[in-house]
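Undergrad: Have a look at the structure that comes next, please.
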Amino acid sequence: YAASFESVKEAAERIKGAAHYTPVMTSEALDRMSGRELVFKCENFQKMGAFKFRGAYNAVAKYMAGGGKGPIVTHSSGNHAQAVAKVCGMKGIESHIVMPENAPKVKVEAVAEYGANIIRCGNLPSDRADKAGEVAGRYPGCFLMPSYNHPDVMSGQGTLMLELIEQAGDPLDAVIVPVGGGGMMSGCCLAAKGLKPSLRIFGAEPLGADDAARSLQKGELQEQTGPNTIADGLRTGLGSLTWPVIRDNVEDIITVTEEEIVEAMRIVYMRMKIVIEPSAAVGVAVALSDKFKQLPGIHRVGIVICGGNTDLDDLPWVKK
């Protein structure tokens, strides 16, 4: 694999003091609705509001430790863009970030606020990659940082799972991790299997962007074609480096409908009183799904709440 349990542990040392050690939360209401004991890892309380800070900080810090001077070039629909902009601001290094036209306004504004230079592009994953390559061409010696398909990004994201397993106290039987490009999912697999090989790992994915579920079913990487989901953070397809880790370590990737995602998001707002974005509701929706409820031998479940960057003027259940 591109990353390892060792590289995740090294990342945990590197981000210590820079990233927040985010809290875990529980909810009796959600335990009751799921029929299980749920432990939520709340990365919505991470710096810039999502887990992506971990991978971005790890990658930039490692690059600079190796003598890298920048600039950093990357592409993202939102959270990775915010993370890179935030980290580069902290580190005093220039950043150029390619964002698609359909990126949420709240995320674009945050990236601008953190001081990055924003370049807009079309909405296809290929548009982003092409544009980022073009921008990188203007800056010889820059670091063209993938948003998930990179060992240092994967390792950084995996640090949240080291924390969750430690914070959960009593052993977890399973964990549910949302999957988009697979940076978080692959890093979490390496951390989880490194700490507790028997831990069952499940991916959570929108039905409207189900490339990972299809890939796992077929046993080979499937392309993400025309993703259509409110979960903007999960519209990307798996990467060449993230896929092998997921293929070998994830028991199942369970898909949920848009209605289930919105309902789960609303339940979390109502019952847990925390702000989460649609992508973070996908894992909750899986925990509440009939398919997951029917799985035997699972009592305690860790769920990753991956972020909370959402437009409060545009909540999906509010009547227009």
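In the structure tokens, the first chain shown is A, the next is B, and so on; residue numbers restart at 1 for each chain, and ligands run from 1 in the order shown.
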Just the residues within 10 Å of stretch 220-234 of chain A, please, counting only C-alpha atoms, with nothing from its chain fewer than 6 positions along; format it as a PyMOL selection string.

TA: chain A and resi 76-80+102-104+123-125+178-182+204-214+240+243-244+247+257-259+261-262+277-282+306-307+309-310+316

Undergrad: Restricting the calculation to only C-alpha atoms, which member of A:Asp152, A:Asp311, A:Glu101, A:Glu94 is positioned closest to A:Val275?

TA: A:Asp311

Undergrad: Write out as a PDB file with N, CA, C and O atoms, in the first residue's frame each polymer residue whose atoms come within 9 Å of A:Tyr114, counting only C-alpha atoms; drop sequence neighbours fewer than 3 positions from it.

TA:
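Dumped to part_32.pdb:
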```
ATOM      1  N   GLN A  82     -10.435  24.189   1.601  1.00  0.00           N
ATOM      2  CA  GLN A  82     -10.386  24.979   2.834  1.00  0.00           C
ATOM      3  C   GLN A  82      -9.213  24.556   3.713  1.00  0.00           C
ATOM      4  O   GLN A  82      -8.530  25.381   4.308  1.00  0.00           O
ATOM      5  N   ALA A  85      -5.904  25.767   2.171  1.00  0.00           N
ATOM      6  CA  ALA A  85      -5.808  27.220   2.320  1.00  0.00           C
ATOM      7  C   ALA A  85      -5.464  27.586   3.763  1.00  0.00           C
ATOM      8  O   ALA A  85      -4.609  28.434   4.020  1.00  0.00           O
ATOM      9  N   LYS A  86      -6.122  26.930   4.704  1.00  0.00           N
ATOM     10  CA  LYS A  86      -5.901  27.183   6.134  1.00  0.00           C
ATOM     11  C   LYS A  86      -4.465  26.811   6.532  1.00  0.00           C
ATOM     12  O   LYS A  86      -3.770  27.589   7.193  1.00  0.00           O
ATOM     13  N   VAL A  87      -4.030  25.617   6.132  1.00  0.00           N
ATOM     14  CA  VAL A  87      -2.683  25.154   6.487  1.00  0.00           C
ATOM     15  C   VAL A  87      -1.622  26.067   5.869  1.00  0.00           C
ATOM     16  O   VAL A  87      -0.651  26.454   6.538  1.00  0.00           O
ATOM     17  N   CYS A  88      -1.804  26.443   4.608  1.00  0.00           N
ATOM     18  CA  CYS A  88      -0.819  27.299   3.938  1.00  0.00           C
ATOM     19  C   CYS A  88      -0.750  28.672   4.603  1.00  0.00           C
ATOM     20  O   CYS A  88       0.327  29.257   4.725  1.00  0.00           O
ATOM     21  N   GLY A  89      -1.892  29.163   5.067  1.00  0.00           N
ATOM     22  CA  GLY A  89      -1.916  30.421   5.811  1.00  0.00           C
ATOM     23  C   GLY A  89      -1.121  30.304   7.101  1.00  0.00           C
ATOM     24  O   GLY A  89      -0.323  31.178   7.447  1.00  0.00           O
ATOM     25  N   GLU A 109     -16.191  30.765  -0.355  1.00  0.00           N
ATOM     26  CA  GLU A 109     -15.950  31.973   0.436  1.00  0.00           C
ATOM     27  C   GLU A 109     -14.916  31.728   1.539  1.00  0.00           C
ATOM     28  O   GLU A 109     -14.071  32.579   1.811  1.00  0.00           O
ATOM     29  N   ALA A 110     -15.010  30.554   2.171  1.00  0.00           N
ATOM     30  CA  ALA A 110     -14.054  30.225   3.241  1.00  0.00           C
ATOM     31  C   ALA A 110     -12.629  30.118   2.695  1.00  0.00           C
ATOM     32  O   ALA A 110     -11.677  30.596   3.314  1.00  0.00           O
ATOM     33  N   VAL A 111     -12.495  29.511   1.503  1.00  0.00           N
ATOM     34  CA  VAL A 111     -11.167  29.363   0.893  1.00  0.00           C
ATOM     35  C   VAL A 111     -10.569  30.749   0.608  1.00  0.00           C
ATOM     36  O   VAL A 111      -9.395  31.010   0.882  1.00  0.00           O
TER      37      VAL A 111
END
```

Undergrad: Determine, counting only C-alpha atoms, which protein, DNA and RNA residues have an atom within 12 Å of an atom of A:Gln294; residues of the same chain fewer than 5 positions away are not included. Present the result as a ChimeraX atom specification.

TA: /A:34-36,286-289,299

Undergrad: Let me see the file: selected residues, all heavy atoms, as a compact mmCIF listing (two decimals), in the first residue's frame.

TA:
```txt
# COMPACT_ATOMS: atom_id res chain seq x y z
N SER A 34 -31.19 3.10 16.07
CA SER A 34 -30.31 2.19 15.32
C SER A 34 -30.30 0.79 15.92
O SER A 34 -29.85 -0.17 15.29
CB SER A 34 -28.89 2.72 15.31
OG SER A 34 -28.35 2.72 16.62
N GLY A 35 -30.73 0.69 17.20
CA GLY A 35 -30.68 -0.60 17.89
C GLY A 35 -29.27 -0.98 18.30
O GLY A 35 -28.98 -2.13 18.62
N ARG A 36 -28.36 0.00 18.32
CA ARG A 36 -26.97 -0.24 18.66
C ARG A 36 -26.46 0.86 19.56
O ARG A 36 -27.12 1.87 19.77
CB ARG A 36 -26.10 -0.22 17.37
CG ARG A 36 -26.56 -1.22 16.29
CD ARG A 36 -25.56 -2.34 16.16
NE ARG A 36 -26.02 -3.49 15.40
CZ ARG A 36 -26.19 -3.55 14.09
NH1 ARG A 36 -25.99 -2.49 13.35
NH2 ARG A 36 -26.57 -4.66 13.52
N VAL A 286 -26.44 5.31 7.13
CA VAL A 286 -26.13 3.88 7.02
C VAL A 286 -26.42 3.17 8.35
O VAL A 286 -27.00 2.08 8.38
CB VAL A 286 -24.66 3.67 6.59
CG1 VAL A 286 -24.21 2.22 6.83
CG2 VAL A 286 -24.50 4.01 5.11
N ALA A 287 -26.04 3.80 9.47
CA ALA A 287 -26.29 3.19 10.78
C ALA A 287 -27.78 2.99 11.03
O ALA A 287 -28.19 2.04 11.72
CB ALA A 287 -25.69 4.05 11.88
N LEU A 288 -28.59 3.85 10.44
CA LEU A 288 -30.05 3.77 10.63
C LEU A 288 -30.73 2.93 9.55
O LEU A 288 -31.94 2.71 9.60
CB LEU A 288 -30.66 5.19 10.61
CG LEU A 288 -30.18 6.14 11.71
CD1 LEU A 288 -30.77 7.54 11.50
CD2 LEU A 288 -30.53 5.62 13.10
N SER A 289 -29.95 2.44 8.58
CA SER A 289 -30.53 1.70 7.45
C SER A 289 -30.88 0.26 7.84
O SER A 289 -30.25 -0.33 8.71
CB SER A 289 -29.55 1.66 6.27
OG SER A 289 -28.43 0.84 6.58
N HIS A 299 -22.51 -4.68 18.21
CA HIS A 299 -23.15 -3.98 19.31
C HIS A 299 -22.72 -2.51 19.38
O HIS A 299 -23.54 -1.61 19.35
CB HIS A 299 -22.87 -4.69 20.64
CG HIS A 299 -23.42 -3.96 21.83
ND1 HIS A 299 -24.76 -3.63 21.93
CD2 HIS A 299 -22.82 -3.46 22.94
CE1 HIS A 299 -24.96 -2.97 23.07
NE2 HIS A 299 -23.79 -2.84 23.70
```

Undergrad: Which is closest to A:Pro197 among A:Val135, A:Phe5, A:Gly68, A:Val318, if we use only C-alpha atoms?

TA: A:Phe5

Undergrad: Taking only C-alpha atoms into account, which of A:Phe45, A:Tyr1, A:Phe40, A:Trp317 comes nearest A:Gln167?

TA: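 Checking each candidate against A:Gln167, we get A:Phe40 as the closest.
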
Undergrad: Using DSSP secondary structure from the backbone, list all strand (DSSP E or B) positions within stretch 72-243 of chain A, as a PyMOL selection string.

TA: chain A and resi 72-75+95-100+117-121+143-145+174-178+200-206

Undergrad: Filtering to C-alpha atoms, could you give me those residues as a tab-separated table (two decimals), in the first residue's frame?

TA:
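Full text of out.tsv as output:
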```tsv
chain	number	residue	atom	x	y	z
A	72	ILE	CA	0.95	24.40	-3.12
A	73	VAL	CA	-1.48	23.68	-5.97
A	74	THR	CA	-4.57	21.52	-5.45
A	75	HIS	CA	-8.17	21.02	-6.58
A	95	SER	CA	-1.58	28.30	-2.38
A	96	HIS	CA	-3.47	28.05	-5.67
A	97	ILE	CA	-6.72	26.11	-5.52
A	98	VAL	CA	-8.87	24.92	-8.41
A	99	MET	CA	-12.58	24.73	-7.51
A	100	PRO	CA	-15.49	23.57	-9.73
A	117	ASN	CA	-5.84	32.11	-4.89
A	118	ILE	CA	-8.96	30.45	-6.39
A	119	ILE	CA	-9.18	29.26	-10.00
A	120	ARG	CA	-12.61	28.05	-11.18
A	121	CYS	CA	-13.17	25.06	-13.51
A	143	PHE	CA	3.69	20.73	-4.83
A	144	LEU	CA	0.65	19.55	-6.79
A	145	MET	CA	-1.25	17.98	-3.91
A	174	ALA	CA	-17.49	-1.97	13.80
A	175	VAL	CA	-16.86	1.46	12.32
A	176	ILE	CA	-18.73	3.32	9.58
A	177	VAL	CA	-16.73	5.75	7.44
A	178	PRO	CA	-18.11	7.87	4.57
A	200	ARG	CA	-15.27	-4.63	11.07
A	201	ILE	CA	-15.07	-1.69	8.65
A	202	PHE	CA	-18.03	-0.41	6.62
A	203	GLY	CA	-18.11	2.33	4.02
A	204	ALA	CA	-21.04	4.72	3.68
A	205	GLU	CA	-21.82	6.12	0.24
A	206	PRO	CA	-24.64	8.02	-1.48
```

Undergrad: Have a look at atom CA of A:Leu38 and atom CA of A:Ala50 and let me know their distance in Å, one decimal.

TA: 19.9 Å

Undergrad: Of the candidates A:Ala81, A:Lys69, A:Gly133, A:Tyr139, which one gets nearest to A:Ala116 if we count only C-alpha atoms?

TA: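 Once distances to A:Ala116 are computed over only C-alpha atoms, the minimum belongs to A:Ala81.
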
Undergrad: Could you pull out the helix (DSSP H, G or I) residues of stretch 20-129 of chain A from DSSP and send them as number ranges by chain?

TA: A: 28-34, 43-45, 47-49, 52-65, 79-91, 105-113, 125-129
